[in-house]
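Asker: File follows, my_file37.cif with mmCIF, C-alpha atoms:
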data_target
loop_
_atom_site.label_atom_id
_atom_site.label_comp_id
_atom_site.auth_asym_id
_atom_site.auth_seq_id
_atom_site.Cartn_x
_atom_site.Cartn_y
_atom_site.Cartn_z
CA MET A 1 14.46 10.50 10.20
CA ILE A 2 14.95 13.58 8.05
CA ASN A 3 16.95 15.20 10.88
CA PHE A 4 19.40 12.30 11.02
CA ILE A 5 19.77 11.92 7.28
CA TRP A 6 20.23 15.63 6.69
CA ALA A 7 22.70 16.08 9.54
CA GLY A 8 24.39 12.80 8.60
CA LEU A 9 25.09 13.94 5.04
CA ILE A 10 26.69 17.15 6.35
CA ILE A 11 28.64 15.65 9.27
CA ILE A 12 29.97 12.66 7.32
CA GLY A 13 30.75 14.92 4.38
CA VAL A 14 32.80 17.41 6.35
CA ILE A 15 34.68 14.75 8.36
CA VAL A 16 35.53 12.71 5.27
CA ALA A 17 36.61 15.88 3.45
CA ALA A 18 39.08 16.61 6.27
CA PHE A 19 40.81 13.30 5.51
CA THR A 20 40.54 13.31 1.74
CA GLY A 21 41.60 16.93 1.32
CA ASN A 22 38.38 17.83 -0.46
CA MET A 23 37.52 20.70 1.86
CA GLU A 24 37.68 23.34 -0.83
CA ALA A 25 35.42 21.25 -3.09
CA VAL A 26 32.97 20.85 -0.20
CA THR A 27 32.87 24.61 0.35
CA ASN A 28 32.22 25.25 -3.31
CA ALA A 29 29.61 22.49 -3.54
CA ALA A 30 27.66 23.84 -0.57
CA ILE A 31 27.58 27.37 -1.98
CA ASP A 32 26.93 26.32 -5.58
CA ASN A 33 24.12 23.97 -4.63
CA ALA A 34 22.45 26.60 -2.46
CA LYS A 35 22.45 28.86 -5.50
CA THR A 36 21.20 26.05 -7.74
CA ALA A 37 18.31 25.40 -5.34
CA VAL A 38 17.16 29.00 -5.65
CA ASP A 39 17.55 28.90 -9.44
CA ILE A 40 15.43 25.75 -9.61
CA SER A 41 12.75 27.17 -7.32
CA LEU A 42 12.54 30.53 -9.09
CA GLY A 43 12.62 28.74 -12.43
CA LEU A 44 9.44 26.96 -11.39
CA ILE A 45 7.48 30.21 -11.01
CA GLY A 46 6.39 30.54 -14.63
CA VAL A 47 5.41 26.96 -15.31
CA MET A 48 3.90 26.68 -11.84
CA ALA A 49 1.76 29.79 -12.34
CA MET A 50 0.65 28.57 -15.74
CA TRP A 51 -0.47 25.14 -14.54
CA LEU A 52 -1.99 26.36 -11.29
CA GLY A 53 -4.01 28.79 -13.43
CA ILE A 54 -5.18 26.05 -15.80
CA LEU A 55 -5.94 23.77 -12.85
CA LYS A 56 -8.03 26.50 -11.22
CA ILE A 57 -10.22 26.56 -14.32
CA ALA A 58 -10.45 22.75 -14.22
CA GLU A 59 -11.39 22.90 -10.56
CA GLU A 60 -14.13 25.50 -11.02
CA ALA A 61 -15.51 23.67 -14.04
CA GLY A 62 -15.79 20.57 -11.86
CA ILE A 63 -13.29 18.50 -13.89
CA VAL A 64 -11.04 17.76 -10.92
CA GLU A 65 -13.95 16.61 -8.78
CA LYS A 66 -15.46 14.46 -11.55
CA LEU A 67 -12.13 12.79 -12.22
CA GLY A 68 -11.77 12.08 -8.51
CA ASN A 69 -15.24 10.61 -8.17
CA LEU A 70 -14.74 8.46 -11.27
CA LEU A 71 -11.75 6.62 -9.83
CA ARG A 72 -12.70 6.96 -6.19
CA PRO A 73 -13.95 3.36 -5.80
CA ILE A 74 -10.46 2.09 -6.65
CA LEU A 75 -8.46 4.79 -4.91
CA LYS A 76 -10.29 5.18 -1.63
CA LYS A 77 -8.45 2.14 -0.25
CA LEU A 78 -5.14 3.90 -0.94
CA PHE A 79 -6.31 7.31 0.32
CA PRO A 80 -8.91 6.64 3.02
CA GLY A 81 -8.52 10.13 4.53
CA ILE A 82 -9.88 12.01 1.49
CA PRO A 83 -13.58 12.80 1.91
CA GLU A 84 -16.06 12.31 -0.93
CA ASN A 85 -16.20 15.11 -3.51
CA HIS A 86 -12.90 16.56 -2.29
CA PRO A 87 -10.64 17.86 -5.09
CA ALA A 88 -7.54 16.14 -3.60
CA MET A 89 -8.41 12.83 -5.30
CA GLY A 90 -8.74 14.45 -8.73
CA ALA A 91 -5.46 16.33 -8.32
CA ILE A 92 -3.66 13.11 -7.38
CA ILE A 93 -5.06 11.37 -10.47
CA MET A 94 -3.96 14.22 -12.73
CA ASN A 95 -0.44 14.14 -11.29
CA VAL A 96 -0.10 10.39 -11.74
CA ALA A 97 -1.50 10.60 -15.29
CA ALA A 98 0.94 13.39 -16.20
CA ASN A 99 3.81 11.37 -14.73
CA MET A 100 2.80 8.29 -16.71
CA LEU A 101 2.78 10.26 -19.94
CA GLY A 102 6.19 11.73 -19.10
CA LEU A 103 4.86 15.30 -18.90
CA GLY A 104 7.34 16.28 -16.22
CA ASN A 105 6.70 20.02 -16.25
CA ALA A 106 2.95 19.56 -15.83
CA ALA A 107 3.29 16.75 -13.28
CA THR A 108 5.11 18.81 -10.63
CA PRO A 109 2.53 21.65 -10.42
CA MET A 110 -0.25 19.05 -10.39
CA GLY A 111 1.50 17.15 -7.61
CA ILE A 112 1.93 20.34 -5.61
CA LYS A 113 -1.76 21.10 -6.15
CA ALA A 114 -2.54 17.62 -4.80
CA MET A 115 -0.35 18.27 -1.74
CA GLN A 116 -2.12 21.60 -1.14
CA GLU A 117 -5.51 19.88 -1.33
CA LEU A 118 -4.31 17.18 1.08
CA GLN A 119 -3.01 19.91 3.40
CA ASP A 120 -6.51 21.40 3.30
CA ILE A 121 -7.88 18.34 5.15
CA ASN A 122 -4.86 18.08 7.46
CA PRO A 123 -5.51 19.33 11.02
CA GLU A 124 -1.76 19.51 11.87
CA LYS A 125 -0.15 21.68 9.21
CA ASP A 126 3.48 20.80 10.00
CA THR A 127 2.96 17.02 9.97
CA ALA A 128 2.53 14.70 6.99
CA THR A 129 -0.69 12.64 6.80
CA ASP A 130 -0.81 8.98 5.76
CA ASP A 131 -2.42 10.02 2.48
CA MET A 132 0.40 12.48 1.71
CA ILE A 133 3.01 9.79 2.32
CA MET A 134 1.10 7.28 0.19
CA PHE A 135 0.91 9.85 -2.60
CA LEU A 136 4.62 10.66 -2.40
CA GLY A 137 5.51 6.96 -2.16
CA ILE A 138 3.67 6.26 -5.39
CA ASN A 139 5.27 9.35 -6.89
CA THR A 140 8.85 8.49 -5.91
CA SER A 141 8.44 4.91 -7.10
CA SER A 142 8.23 6.49 -10.56
CA VAL A 143 5.15 5.65 -12.57
CA THR A 144 6.59 6.65 -15.94
CA LEU A 145 5.26 4.43 -18.72
CA ILE A 146 7.77 5.63 -21.29
CA PRO A 147 11.11 7.01 -20.04
CA ILE A 148 11.59 9.49 -22.88
CA SER A 149 14.86 11.12 -21.79
CA THR A 150 16.51 7.75 -21.11
CA ILE A 151 15.47 6.52 -24.57
CA ALA A 152 16.95 9.67 -26.07
CA ILE A 153 20.29 9.04 -24.30
CA LEU A 154 20.35 5.43 -25.54
CA THR A 155 19.67 6.60 -29.10
CA THR A 156 22.54 9.08 -28.91
CA ALA A 157 24.83 6.35 -27.54
CA GLY A 158 24.12 4.30 -30.66
CA SER A 159 21.56 1.76 -29.46
CA LEU A 160 19.86 -0.04 -32.35
CA SER A 161 16.69 -0.58 -30.33
CA PRO A 162 16.51 2.05 -27.57
CA THR A 163 12.88 1.16 -26.87
CA GLU A 164 13.87 -2.32 -25.66
CA ILE A 165 14.11 -0.87 -22.14
CA ILE A 166 10.41 0.09 -21.96
CA GLY A 167 9.26 -3.41 -20.97
CA PRO A 168 11.89 -4.00 -18.27
CA THR A 169 11.42 -0.46 -16.93
CA LEU A 170 7.68 -1.02 -16.66
CA VAL A 171 8.17 -4.28 -14.75
CA ALA A 172 10.67 -2.70 -12.34
CA THR A 173 8.35 0.29 -11.85
CA LEU A 174 5.32 -1.90 -11.15
CA VAL A 175 7.27 -3.76 -8.48
CA SER A 176 8.64 -0.58 -6.91
CA THR A 177 5.17 1.03 -6.84
CA THR A 178 3.77 -2.09 -5.19
CA VAL A 179 6.58 -1.98 -2.63
CA ALA A 180 5.86 1.71 -1.98
CA ILE A 181 2.16 1.00 -1.35
CA ILE A 182 2.85 -1.97 0.93
CA ALA A 183 5.59 -0.05 2.79
CA ALA A 184 3.33 2.99 3.33
CA LYS A 185 0.43 0.86 4.56
CA THR A 186 2.67 -1.22 6.83
CA LEU A 187 4.79 1.57 8.32
CA GLN A 188 1.78 3.77 9.12
CA LYS A 189 0.60 1.05 11.51
CA LEU A 190 3.82 1.12 13.56
CA PRO A 191 3.19 2.78 16.95
CA LYS A 192 5.88 5.38 16.25
CA TYR A 193 4.04 6.60 13.15
CA SER A 194 0.41 5.86 13.99
CA SER A 195 0.70 7.97 17.16
CA THR A 196 1.81 10.98 15.11
CA ASN A 197 -0.85 10.60 12.40
CA PRO A 198 -2.63 14.00 12.25
CA LEU A 199 -5.92 12.22 11.44
CA ARG A 200 -5.59 9.63 14.24
CA ASN A 201 -8.76 10.86 15.93
CA ALA A 202 -10.75 11.38 12.76
CA LYS A 203 -13.23 8.97 11.22
CA GLY A 204 -12.09 7.44 7.95
CA GLY A 205 -8.39 8.17 8.40
CA ASN A 206 -7.19 4.94 10.01
CA MET B 1 8.01 4.96 -36.23
CA PHE B 2 8.04 4.88 -32.43
CA ASP B 3 9.94 8.14 -32.25
CA SER B 4 7.43 9.95 -34.43
CA VAL B 5 4.50 8.59 -32.39
CA MET B 6 6.23 9.76 -29.21
CA ASN B 7 6.85 13.16 -30.74
CA VAL B 8 3.21 13.54 -31.68
CA ILE B 9 2.08 12.57 -28.16
CA ASN B 10 4.62 14.96 -26.65
CA ASN B 11 3.76 17.87 -28.89
CA PHE B 12 0.00 17.45 -28.70
CA SER B 13 -0.76 16.44 -25.13
CA ILE B 14 -0.03 19.72 -23.35
CA PRO B 15 -1.82 22.01 -25.82
CA PHE B 16 -4.68 19.51 -25.88
CA ILE B 17 -5.01 19.46 -22.07
CA ILE B 18 -4.99 23.27 -21.97
CA LEU B 19 -7.56 23.46 -24.76
CA ALA B 20 -9.81 20.87 -23.12
CA PHE B 21 -9.79 22.59 -19.72
CA VAL B 22 -10.34 26.08 -21.07
CA ALA B 23 -13.09 24.99 -23.48
CA PHE B 24 -14.87 22.92 -20.85
CA GLY B 25 -14.56 25.83 -18.42
CA LEU B 26 -16.27 28.15 -20.92
CA TYR B 27 -18.99 25.55 -21.51
CA LYS B 28 -19.56 25.38 -17.73
CA LYS B 29 -19.81 29.20 -17.69
CA VAL B 30 -16.66 29.64 -15.58
CA ASN B 31 -15.00 33.06 -15.80
CA VAL B 32 -11.98 31.36 -17.31
CA TYR B 33 -9.64 34.35 -17.44
CA GLU B 34 -10.39 35.37 -13.90
CA SER B 35 -10.00 31.79 -12.65
CA PHE B 36 -6.72 31.42 -14.48
CA THR B 37 -5.20 34.53 -12.94
CA THR B 38 -6.49 33.60 -9.47
CA GLY B 39 -4.82 30.20 -9.72
CA ALA B 40 -1.67 31.54 -11.33
CA LYS B 41 -1.18 34.02 -8.50
CA GLU B 42 -0.26 31.08 -6.27
CA GLY B 43 2.60 30.12 -8.57
CA PHE B 44 4.93 32.70 -7.10
CA THR B 45 4.33 31.97 -3.41
CA THR B 46 4.47 28.23 -4.03
CA ALA B 47 7.84 28.48 -5.76
CA VAL B 48 9.20 30.80 -3.06
CA ASN B 49 7.96 28.47 -0.30
CA ILE B 50 10.05 25.66 -1.76
CA ILE B 51 13.34 27.65 -1.60
CA PRO B 52 14.40 26.98 2.03
CA PHE B 53 13.64 23.26 1.75
CA LEU B 54 15.51 22.84 -1.50
CA VAL B 55 18.49 24.95 -0.36
CA GLY B 56 18.80 22.78 2.77
CA MET B 57 18.58 19.52 0.88
CA LEU B 58 20.83 20.39 -2.06
CA MET B 59 23.45 21.94 0.23
CA ALA B 60 23.70 18.74 2.33
CA ILE B 61 23.80 16.55 -0.77
CA GLY B 62 26.47 18.79 -2.31
CA ILE B 63 28.70 18.54 0.79
CA PHE B 64 28.32 14.76 0.89
CA ARG B 65 29.07 14.24 -2.79
CA ALA B 66 32.04 16.61 -2.97
CA SER B 67 33.71 15.16 0.15
CA GLY B 68 34.50 11.80 -1.40
CA ALA B 69 32.28 10.01 1.14
CA MET B 70 30.46 8.36 -1.74
CA GLU B 71 33.64 6.64 -2.95
CA LEU B 72 34.28 5.44 0.60
CA LEU B 73 30.76 4.05 0.85
CA ILE B 74 31.16 2.27 -2.48
CA LYS B 75 34.41 0.65 -1.26
CA ILE B 76 32.63 -0.61 1.84
CA ILE B 77 29.56 -2.06 0.18
CA SER B 78 30.94 -3.31 -3.15
CA PRO B 79 32.35 -6.60 -1.75
CA VAL B 80 28.84 -7.44 -0.53
CA THR B 81 26.98 -6.34 -3.65
CA SER B 82 29.38 -8.09 -6.02
CA LYS B 83 28.71 -11.36 -4.15
CA LEU B 84 25.02 -10.74 -4.88
CA GLY B 85 25.76 -10.42 -8.59
CA VAL B 86 25.49 -6.65 -8.88
CA PRO B 87 27.95 -5.26 -11.46
CA SER B 88 30.22 -2.90 -9.51
CA GLU B 89 30.04 -0.32 -12.32
CA VAL B 90 26.40 0.51 -11.58
CA ILE B 91 26.80 0.93 -7.80
CA PRO B 92 27.78 4.64 -7.84
CA MET B 93 24.82 5.47 -10.04
CA ALA B 94 22.42 3.46 -7.88
CA LEU B 95 23.62 5.26 -4.75
CA ILE B 96 23.39 8.72 -6.25
CA ARG B 97 19.94 8.14 -7.78
CA PRO B 98 17.75 9.14 -4.79
CA LEU B 99 19.95 12.20 -4.08
CA SER B 100 20.51 13.74 -7.49
CA GLY B 101 18.58 13.16 -10.70
CA GLY B 102 21.04 15.13 -12.82
CA GLY B 103 24.01 13.35 -11.23
CA ALA B 104 22.50 9.92 -11.89
CA GLN B 105 21.61 10.81 -15.46
CA GLY B 106 25.19 11.97 -16.08
CA MET B 107 26.54 8.69 -14.72
CA MET B 108 24.07 6.70 -16.79
CA THR B 109 25.10 8.56 -19.95
CA ASP B 110 28.70 7.77 -19.09
CA LEU B 111 28.02 4.05 -18.50
CA VAL B 112 25.99 3.73 -21.70
CA THR B 113 28.70 5.46 -23.73
CA THR B 114 31.61 3.53 -22.19
CA HIS B 115 30.09 0.05 -22.09
CA GLY B 116 27.68 0.30 -25.01
CA ALA B 117 23.96 1.04 -25.06
CA GLN B 118 23.13 -2.63 -25.53
CA SER B 119 25.58 -4.05 -23.00
CA MET B 120 24.41 -5.56 -19.73
CA ILE B 121 25.72 -2.58 -17.76
CA GLY B 122 24.26 -0.07 -20.21
CA ARG B 123 20.84 -1.69 -20.07
CA ILE B 124 20.81 -2.03 -16.29
CA SER B 125 21.71 1.62 -15.80
CA ALA B 126 19.05 2.75 -18.29
CA VAL B 127 16.33 0.68 -16.63
CA MET B 128 17.48 1.93 -13.21
CA MET B 129 17.18 5.51 -14.41
CA GLY B 130 13.64 5.00 -15.67
CA SER B 131 12.25 2.99 -12.78
CA THR B 132 13.37 5.15 -9.83
CA GLU B 133 12.97 8.74 -8.72
CA THR B 134 15.04 11.45 -7.05
CA THR B 135 13.31 10.79 -3.72
CA PHE B 136 15.01 13.52 -1.68
CA TYR B 137 14.29 16.18 -4.29
CA VAL B 138 10.63 15.14 -4.62
CA LEU B 139 10.15 15.17 -0.84
CA ALA B 140 11.84 18.59 -0.47
CA VAL B 141 9.72 20.16 -3.22
CA TYR B 142 6.37 18.61 -2.30
CA PHE B 143 6.63 18.95 1.47
CA GLY B 144 8.31 22.34 1.03
CA SER B 145 5.40 23.68 -1.02
CA ILE B 146 3.03 23.18 1.94
CA GLY B 147 5.51 23.71 4.80
CA VAL B 148 5.43 20.20 6.25
CA THR B 149 8.56 19.45 8.30
CA LYS B 150 7.48 16.34 10.23
CA GLN B 151 7.63 13.82 7.44
CA ARG B 152 6.99 10.66 9.51
CA HIS B 153 7.63 7.53 7.41
CA ALA B 154 7.95 9.34 4.05
CA ILE B 155 11.70 8.74 3.65
CA PRO B 156 11.64 5.00 4.50
CA VAL B 157 8.77 4.53 2.03
CA GLY B 158 10.56 6.47 -0.72
CA LEU B 159 13.89 4.71 -0.19
CA LEU B 160 12.28 1.26 -0.08
CA ALA B 161 10.59 2.05 -3.40
CA ASP B 162 13.95 3.13 -4.84
CA LEU B 163 15.67 0.01 -3.53
CA ALA B 164 12.96 -2.16 -5.08
CA GLY B 165 13.29 -0.33 -8.41
CA LEU B 166 17.09 -0.63 -8.43
CA THR B 167 17.06 -4.32 -7.48
CA MET B 168 14.35 -5.19 -9.98
CA SER B 169 16.26 -3.36 -12.75
CA ILE B 170 19.18 -5.74 -12.30
CA ILE B 171 17.00 -8.85 -12.02
CA VAL B 172 14.77 -8.04 -14.98
CA VAL B 173 17.64 -7.11 -17.30
CA LYS B 174 19.57 -10.27 -16.35
CA ILE B 175 16.52 -12.44 -17.05
CA LEU B 176 15.37 -10.75 -20.26
CA PHE B 177 18.63 -10.18 -22.12
#
Go ahead and render the structure in this file as structure tokens.

Answerer:
Amino acid sequence: MINFIWAGLIIIGVIVAAFTGNMEAVTNAAIDNAKTAVDISLGLIGVMAMWLGILKIAEEAGIVEKLGNLLRPILKKLFPGIPENHPAMGAIIMNVAANMLGLGNAATPMGIKAMQELQDINPEKDTATDDMIMFLGINTSSVTLIPISTIAILTTAGSLSPTEIIGPTLVATLVSTTVAIIAAKTLQKLPKYSSTNPLRNAKGGN
Amino acid sequence: MFDSVMNVINNFSIPFIILAFVAFGLYKKVNVYESFTTGAKEGFTTAVNIIPFLVGMLMAIGIFRASGAMELLIKIISPVTSKLGVPSEVIPMALIRPLSGGGAQGMMTDLVTTHGAQSMIGRISAVMMGSTETTFYVLAVYFGSIGVTKQRHAIPVGLLADLAGLTMSIIVVKILF
């Protein structure tokens, strides 16, 4: 899928540009975005190091594990591949909590920590597990309770009640998260995907 | 009132989390400074690991957006979506949302300013912005950080979630306002 989408964006882009005369813009966009990608990645180093450091303390103090065990009864249906007492569950919970509170710069390092913990129990390191995809599905469905930056834009644009969008946003988010969970659970059963599940032979990872 | 509450939450939550973890670590007799530096060491490699994935993704998205293919796509699908009651003004933003968070936010700001923050179009675009994510960026960063290239059904799941968020934004705003 990623191969076709990635190649598709490039192939369609270049062909269309040949007809629309946007070839120079395409050249600049490709080079500029490559540079932006590096800027973004390198810009993450500081905040990433800070949070991974704090999270290491949390892990060694047993906070991550405790948090995971606390919510495990609810979450083990969503993430059946995570063994008991494994820090992956706690890291996932921290990421989702940070996202809900709108703490974007803490959420990303916590999410990456969760992915690293999930990778720890993944026997095929180049292939995504069902639990990783469930986690990312929930993540990309956006679980923000209060969209702070959007509210700020509405305020600037002169809205008299910028917070009126919180309710509708929450409803739309709840539906999209539900769709993500159902989609992940349904698609992982398709032969195409179940046959490539790295945990297909393991107990507990369906 | 709401703004000041939000400010307090924003300003306090991160220092509070740091305080809580460090204090609890000390209480549990963890060598907090040593643990911190051990964890922090991974920050550099993690960020560097993401580079190739993000360069690949942002380059492809940049080519697609700059080519004018987006406008072509909008022309093709807008007759269908307008029959379904989707305001044509929000289509470009909806399409760009999974590819570029900054791009979508710019378009939203534009829609809100042009049509009014409390117009139907303004509200729909704001709710869309808050209830969806930049799926391709999230996948590149998260899978990139651990070197996973075989993503299986991750993209269909992410895009279905985005589609649900975008559709619900329109429905909810139309019902509520």

Asker: Just the residues within 10 Å of region 15-29 of chain B, please, counting all atoms listed in the file, with nothing from its chain fewer than 4 positions along; format it as a list in words.

Answerer: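 Listed by chain and then number, they are Met50, Trp51, Ile54, Leu55, Lys56, Ile57, Ala58, Glu59, Glu60, Ala61, Gly62 and Ile63 of chain A; Ile9, Asn10, Asn11, Tyr33, Ser35 and Phe36 of chain B.
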
Asker: So which one's closest to Thr140 (chain A), B:Thr114, B:Ser88, B:Gln105, B:Thr135? Using all atoms listed in the file, please.

Answerer: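 Closest to Thr140 (chain A) of all the choices is B:Thr135.
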
Asker: I would like the residues chosen by the PyMOL selection byres ((chain B) within 6 of (chain A)) on the shown file; could you give them as a PDB file with C-alpha atoms, in the frame of the given file?

Answerer:
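Once written, expr16.pdb looks like this:
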ATOM      1  CA  PHE B  21      -9.790  22.590 -19.720  1.00  0.00           C
ATOM      2  CA  GLY B  25     -14.560  25.830 -18.420  1.00  0.00           C
ATOM      3  CA  LYS B  28     -19.560  25.380 -17.730  1.00  0.00           C
ATOM      4  CA  VAL B  32     -11.980  31.360 -17.310  1.00  0.00           C
ATOM      5  CA  SER B  35     -10.000  31.790 -12.650  1.00  0.00           C
ATOM      6  CA  PHE B  36      -6.720  31.420 -14.480  1.00  0.00           C
ATOM      7  CA  THR B  37      -5.200  34.530 -12.940  1.00  0.00           C
ATOM      8  CA  GLY B  39      -4.820  30.200  -9.720  1.00  0.00           C
ATOM      9  CA  ALA B  40      -1.670  31.540 -11.330  1.00  0.00           C
ATOM     10  CA  GLY B  43       2.600  30.120  -8.570  1.00  0.00           C
ATOM     11  CA  PHE B  44       4.930  32.700  -7.100  1.00  0.00           C
ATOM     12  CA  ALA B  47       7.840  28.480  -5.760  1.00  0.00           C
ATOM     13  CA  ILE B  51      13.340  27.650  -1.600  1.00  0.00           C
ATOM     14  CA  LEU B  54      15.510  22.840  -1.500  1.00  0.00           C
ATOM     15  CA  VAL B  55      18.490  24.950  -0.360  1.00  0.00           C
ATOM     16  CA  LEU B  58      20.830  20.390  -2.060  1.00  0.00           C
ATOM     17  CA  MET B  59      23.450  21.940   0.230  1.00  0.00           C
ATOM     18  CA  ALA B  60      23.700  18.740   2.330  1.00  0.00           C
ATOM     19  CA  GLY B  62      26.470  18.790  -2.310  1.00  0.00           C
ATOM     20  CA  ILE B  63      28.700  18.540   0.790  1.00  0.00           C
ATOM     21  CA  PHE B  64      28.320  14.760   0.890  1.00  0.00           C
ATOM     22  CA  ALA B  66      32.040  16.610  -2.970  1.00  0.00           C
ATOM     23  CA  SER B  67      33.710  15.160   0.150  1.00  0.00           C
ATOM     24  CA  ALA B  69      32.280  10.010   1.140  1.00  0.00           C
ATOM     25  CA  THR B 113      28.700   5.460 -23.730  1.00  0.00           C
ATOM     26  CA  ALA B 117      23.960   1.040 -25.060  1.00  0.00           C
ATOM     27  CA  VAL B 127      16.330   0.680 -16.630  1.00  0.00           C
ATOM     28  CA  GLY B 130      13.640   5.000 -15.670  1.00  0.00           C
ATOM     29  CA  SER B 131      12.250   2.990 -12.780  1.00  0.00           C
ATOM     30  CA  THR B 132      13.370   5.150  -9.830  1.00  0.00           C
ATOM     31  CA  GLU B 133      12.970   8.740  -8.720  1.00  0.00           C
ATOM     32  CA  THR B 135      13.310  10.790  -3.720  1.00  0.00           C
ATOM     33  CA  TYR B 142       6.370  18.610  -2.300  1.00  0.00           C
ATOM     34  CA  VAL B 148       5.430  20.200   6.250  1.00  0.00           C
ATOM     35  CA  THR B 149       8.560  19.450   8.300  1.00  0.00           C
ATOM     36  CA  LYS B 150       7.480  16.340  10.230  1.00  0.00           C
ATOM     37  CA  GLN B 151       7.630  13.820   7.440  1.00  0.00           C
ATOM     38  CA  ALA B 154       7.950   9.340   4.050  1.00  0.00           C
ATOM     39  CA  VAL B 157       8.770   4.530   2.030  1.00  0.00           C
ATOM     40  CA  GLY B 158      10.560   6.470  -0.720  1.00  0.00           C
ATOM     41  CA  ALA B 161      10.590   2.050  -3.400  1.00  0.00           C
ATOM     42  CA  ALA B 164      12.960  -2.160  -5.080  1.00  0.00           C
ATOM     43  CA  GLY B 165      13.290  -0.330  -8.410  1.00  0.00           C
ATOM     44  CA  MET B 168      14.350  -5.190  -9.980  1.00  0.00           C
ATOM     45  CA  SER B 169      16.260  -3.360 -12.750  1.00  0.00           C
ATOM     46  CA  VAL B 172      14.770  -8.040 -14.980  1.00  0.00           C
TER      47      VAL B 172
END

Asker: Nearest to Met108 (chain B) among B:Ile74, B:Ala126, B:Leu95, B:Val5, with distances taken over all atoms listed in the file: which residue is it?

Answerer: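 For Met108 (chain B), the nearest of the candidates is B:Ala126.
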
Asker: Between CA of Leu70 (chain A) and CA of Asn31 (chain B), measure the distance and give it in Å to one decimal.

Answerer: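 According to the coordinates, CA of Leu70 (chain A) and CA of Asn31 (chain B) are separated by 25.0 Å.
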
Asker: Hey, can you check how far CA of Pro156 (chain B) sits from CA of Pro98 (chain B)?

Answerer: 11.9 Å

Asker: I'd like the contact shell of Phe53 (chain B) - 6 Å cut-off, all atoms listed in the file, skipping same-chain residues fewer than 3 positions apart - returned as an MDAnalysis selection string.

Answerer: chainID B and resid 50 56 140 144

Asker: To one decimal in Å, tell me the separation between CA of Asp110 (chain B) and CA of Ile124 (chain B).

Answerer: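 Distance reported for this atom pair: 12.9 Å.
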
Asker: Can you pull out every residue within 9 Å of Ile96 (chain B), counting all atoms listed in the file, but drop anything in the same chain fewer than 6 positions away, and send it as a ChimeraX atom specification?

Answerer: /B:65,70,103-104,134

Asker: Can you list, as a VMD selection string, the residues that the PyMOL selection byres ((chain A and resi 95) around 6) selects here?

Answerer: chain A and resid 92 to 94 96 to 98 107 110 to 111

Asker: Edge lengths and centre, in Å to one decimal, as lines of an AutoDock Vina configuration file: that's what I need for the box along x, y and z that holds all listed atoms of region 6-22 of chain A plus 3 Å on each side.

Answerer:
center_x = 30.9
center_y = 15.2
center_z = 4.5
size_x = 27.4
size_y = 11.2
size_z = 16.0

Asker: As an mmCIF file, keeping the file's coordinate frame, please: region 74-82 of chain B completed to N, CA, C and O atoms.

Answerer:
data_model
loop_
_atom_site.group_PDB
_atom_site.id
_atom_site.type_symbol
_atom_site.label_atom_id
_atom_site.label_comp_id
_atom_site.auth_asym_id
_atom_site.auth_seq_id
_atom_site.Cartn_x
_atom_site.Cartn_y
_atom_site.Cartn_z
ATOM 1 N N ILE B 74 31.133 3.268 -1.410
ATOM 2 C CA ILE B 74 31.160 2.270 -2.480
ATOM 3 C C ILE B 74 32.190 1.186 -2.158
ATOM 4 O O ILE B 74 31.937 -0.005 -2.338
ATOM 5 N N LYS B 75 33.362 1.606 -1.631
ATOM 6 C CA LYS B 75 34.410 0.650 -1.260
ATOM 7 C C LYS B 75 33.909 -0.313 -0.188
ATOM 8 O O LYS B 75 34.235 -1.496 -0.186
ATOM 9 N N ILE B 76 33.124 0.229 0.738
ATOM 10 C CA ILE B 76 32.630 -0.610 1.840
ATOM 11 C C ILE B 76 31.586 -1.612 1.357
ATOM 12 O O ILE B 76 31.624 -2.786 1.714
ATOM 13 N N ILE B 77 30.649 -1.147 0.526
ATOM 14 C CA ILE B 77 29.560 -2.060 0.180
ATOM 15 C C ILE B 77 29.809 -2.912 -1.063
ATOM 16 O O ILE B 77 29.131 -3.914 -1.261
ATOM 17 N N SER B 78 30.796 -2.555 -1.899
ATOM 18 C CA SER B 78 30.940 -3.310 -3.150
ATOM 19 C C SER B 78 31.315 -4.787 -2.971
ATOM 20 O O SER B 78 30.893 -5.612 -3.774
ATOM 21 N N PRO B 79 32.099 -5.154 -1.926
ATOM 22 C CA PRO B 79 32.350 -6.600 -1.750
ATOM 23 C C PRO B 79 31.048 -7.382 -1.543
ATOM 24 O O PRO B 79 30.889 -8.499 -2.047
ATOM 25 N N VAL B 80 30.120 -6.780 -0.798
ATOM 26 C CA VAL B 80 28.840 -7.440 -0.530
ATOM 27 C C VAL B 80 27.991 -7.520 -1.792
ATOM 28 O O VAL B 80 27.480 -8.576 -2.160
ATOM 29 N N THR B 81 27.859 -6.360 -2.477
ATOM 30 C CA THR B 81 26.980 -6.340 -3.650
ATOM 31 C C THR B 81 27.522 -7.196 -4.792
ATOM 32 O O THR B 81 26.745 -7.798 -5.520
ATOM 33 N N SER B 82 28.862 -7.280 -4.925
ATOM 34 C CA SER B 82 29.380 -8.090 -6.020
ATOM 35 C C SER B 82 29.122 -9.577 -5.764
ATOM 36 O O SER B 82 28.928 -10.346 -6.695
#
